[in-house]
Amino acid sequence: MLGSAFIAYTVLSSKQKRQKTYHRLLVAMSLSDIVSSFSYFLSTWPIPQGPVGGWNKYGGSPYHYAAVGNDATCTAQGFGIQFGIMTTAAYNVMLAVHYLLTIRWNYSERKLKSVEPYMLTVPPVFGLGLSLPQIFLKYYNDTNLWCWIKASWEYEDAVQRSYNARWGFAYGPLWAIIFFITAAQVYLWWTVRKTERRMLKFHSFSTAKEQTRHSRRVAQQAALYVGAFYVTNLPYTTIAATQRFYNPHTTDGFFALLAVVLCAPLQGALNVIVYRRAQIVKVAEETAVRISARLSTVRKTFLADNNNAGKMGLVGDCEEGTNNGVESNVEEAKGHGEDFVSRQHGEDGESRPPPGEHDHLIASHVEEVYED
């Protein structure tokens with residue numbers, strides 16, 4: 001919940017990001033995830049206190065820990081979980097479509113605006129369509145850890161009814177979405193690889209990599225969002241497919257249940273890691289460089305001490321080594337800077353157009369759409 005809230009705040013507080021379809025999609029997806037995450041957070045609180053038909057029926061504990069709710073709160077929690085899950089999943093589909101439109105069909109930001117209303121409104125409608133029927137069917141009931149889809153025990157075939165309702169309104173649509181975003185991701189990578197191979201016919205290997213670097217970075221970002229969706233939804237849907245449900249009277253299914261309750265609310269936490277991946281990688285690299293420099297200094301000090309170096313000489317060597325290291329790093333940075341400038345402006349200093357601007361082989365709007 002906090003991860004999704006961070007993404008929403010980051011985008012809404014930036015005028016530049018608010019103007020981009022990509023970031024508005026992320027905000028909408030984050031807001032829908034906050035709904036389901038908050039509903040998960042409530043856990044057993046909304047469950048009505050009292051005998052639990054399913055457990056009591058088989059001699060189990062008739063009460064839930066910390067359950068202080070009623071039928072209305074149970075229905076609200078079940079609706080929040082169902083609506084949040086399905087709407088967030090649908091926004092993952094829209095995100096995959098957005099990546100394809102930009103990289104495969106070369107949509108500009110202006111052209112994306114024409115399809116943005118559909119990308120923003122279809123997921124909530126989809127989520128409501130899969131969430132509202134259970135209210136009228138009275139299928140939002142206690143499912144042991146929270147309230148979700150379960151037929152009342154007043155039905156003789158309550159277990160089968162619950163199973164059918166979950167597959168029709170949750171597991172089935174989720175598996176369809178999983179297959180779609182997987183196929184979209186494969187097609188995205190195939191498009192990038194095909195573009196690189198075509199460019200190799202006209203350019204050197206390094207130039208081809210340089211020209212398609214934006215597309216490759218976006219494809220990597222898309223793959224990570226898909227991975228976050230897998231981690232969140234595969235445990236629950238896989239358990240449903242194998243029917244390894246948790247039985248409170250045996251040890252069967254306990255670790256499967258543990259995987260579900262750990263992964264189901266993680267969408268926002270994983271998304272914020274993907275969203276801030278560049279900054280995280282940068283900090284990690286800088287930290288690794290500092291640690292490496294420290295270890296190198298300690299090693300030099302240790303070797304000098306073993307060689308019975310004089311104290312002043314040791315200090316001088318360390319200072320010289322440190323200064324040399326700094327000077328070396330500065331020279332290396334200058335070299336990289338000059339190399340970067342030469343790539344951007346050419347050996348003769350003339351400014352080059354952005355990668356792909358005049359090349360029909362690659363998507364020329366990727367940097368514009370995802371630059372921030």
# chains A, B, ... in the order shown; residues from 1 in each chain; ligands from 1
call {"tool": "closest_atom_pairs", "arguments": {"of": "segment 172-201 of chain A", "to": "segment 99-106 of chain A", "cutoff": "10 Å", "atoms": "only C-alpha atoms", "output": "Markdown table"}}
result
| residue | atom | partner | partner_atom | distance |
| --- | --- | --- | --- | --- |
| A:Ala184 | CA | A:Leu100 | CA | 7.4 |
| A:Gln185 | CA | A:Leu100 | CA | 8.6 |
| A:Tyr187 | CA | A:Leu100 | CA | 8.3 |
| A:Leu188 | CA | A:Leu100 | CA | 6.3 |
| A:Trp189 | CA | A:Ile103 | CA | 9.8 |
| A:Trp190 | CA | A:Arg104 | CA | 9.8 |
| A:Thr191 | CA | A:Arg104 | CA | 6.4 |
| A:Val192 | CA | A:Ile103 | CA | 7.9 |
| A:Thr195 | CA | A:Arg104 | CA | 9.7 |
call {"tool": "write_last_selection", "arguments": {"atoms": "C-alpha atoms", "output": "CSV table (one decimal), in the first residue's frame"}}
result
chain,number,residue,atom,x,y,z
A,184,ALA,CA,3.0,-9.2,-25.1
A,185,GLN,CA,6.3,-9.3,-23.4
A,187,TYR,CA,6.5,-10.0,-28.7
A,188,LEU,CA,8.1,-6.8,-27.3
A,189,TRP,CA,11.5,-8.5,-26.9
A,190,TRP,CA,11.2,-10.1,-30.3
A,191,THR,CA,10.5,-6.7,-31.8
A,192,VAL,CA,13.6,-5.2,-30.2
A,195,THR,CA,15.1,-4.2,-35.0
call {"tool": "closest_atom_pairs", "arguments": {"of": "segment 227-298 of chain A", "to": "segment 2-16 of chain A", "cutoff": "12 Å", "atoms": "only C-alpha atoms", "output": "tab-separated table"}}
result
residue	atom	partner	partner_atom	distance
A:Pro265	CA	A:Gly3	CA	10.7
A:Leu266	CA	A:Gly3	CA	8.9
A:Gln267	CA	A:Ser4	CA	8.0
A:Gly268	CA	A:Ser4	CA	4.5
A:Ala269	CA	A:Gly3	CA	4.6
A:Leu270	CA	A:Gly3	CA	7.7
A:Asn271	CA	A:Gly3	CA	7.2
A:Val272	CA	A:Gly3	CA	5.4
A:Ile273	CA	A:Gly3	CA	8.3
A:Val274	CA	A:Ile7	CA	10.5
A:Tyr275	CA	A:Ile7	CA	7.6
A:Arg276	CA	A:Ile7	CA	9.1
call {"tool": "closest_residue", "arguments": {"among": "A:Val261, A:Ile85, A:Tyr139, A:Leu303", "to": "Phe229 of chain A", "atoms": "only C-alpha atoms"}}
result
A:Ile85
call {"tool": "closest_residue", "arguments": {"among": "A:Ala151, A:Leu258, A:Val366, A:Leu234", "to": "Tyr107 of chain A", "atoms": "only C-alpha atoms"}}
result
A:Val366
call {"tool": "select_by_dssp", "arguments": {"residues": "segment 111-264 of chain A", "states": "strand (DSSP E or B)", "output": "PyMOL selection string"}}
result
chain A and resi 140-142+147-149
call {"tool": "closest_residue", "arguments": {"among": "A:Tyr171, A:Trp45, A:Tyr118, A:Tyr40", "to": "Tyr236 of chain A", "atoms": "only C-alpha atoms"}}
result
A:Tyr171
call {"tool": "atom_distance", "arguments": {"atom1": "atom CA of Ser215 of chain A", "atom2": "atom CA of Arg198 of chain A"}}
result
14.4 Å
call {"tool": "atom_distance", "arguments": {"atom1": "atom CA of Pro235 of chain A", "atom2": "atom CA of Val260 of chain A"}}
result
5.6 Å
call {"tool": "closest_atom_pairs", "arguments": {"of": "segment 144-244 of chain A", "to": "segment 65-73 of chain A", "cutoff": "12 Å", "atoms": "only C-alpha atoms", "output": "JSON lines"}}
result
{"residue": "A:Asn144", "atom": "CA", "partner": "A:Tyr65", "partner_atom": "CA", "distance": 9.9}
{"residue": "A:Leu145", "atom": "CA", "partner": "A:Tyr65", "partner_atom": "CA", "distance": 9.5}
{"residue": "A:Trp146", "atom": "CA", "partner": "A:Ala67", "partner_atom": "CA", "distance": 9.6}
{"residue": "A:Cys147", "atom": "CA", "partner": "A:Thr73", "partner_atom": "CA", "distance": 8.9}
{"residue": "A:Trp148", "atom": "CA", "partner": "A:Thr73", "partner_atom": "CA", "distance": 11.3}
{"residue": "A:Ser152", "atom": "CA", "partner": "A:Asp71", "partner_atom": "CA", "distance": 11.7}
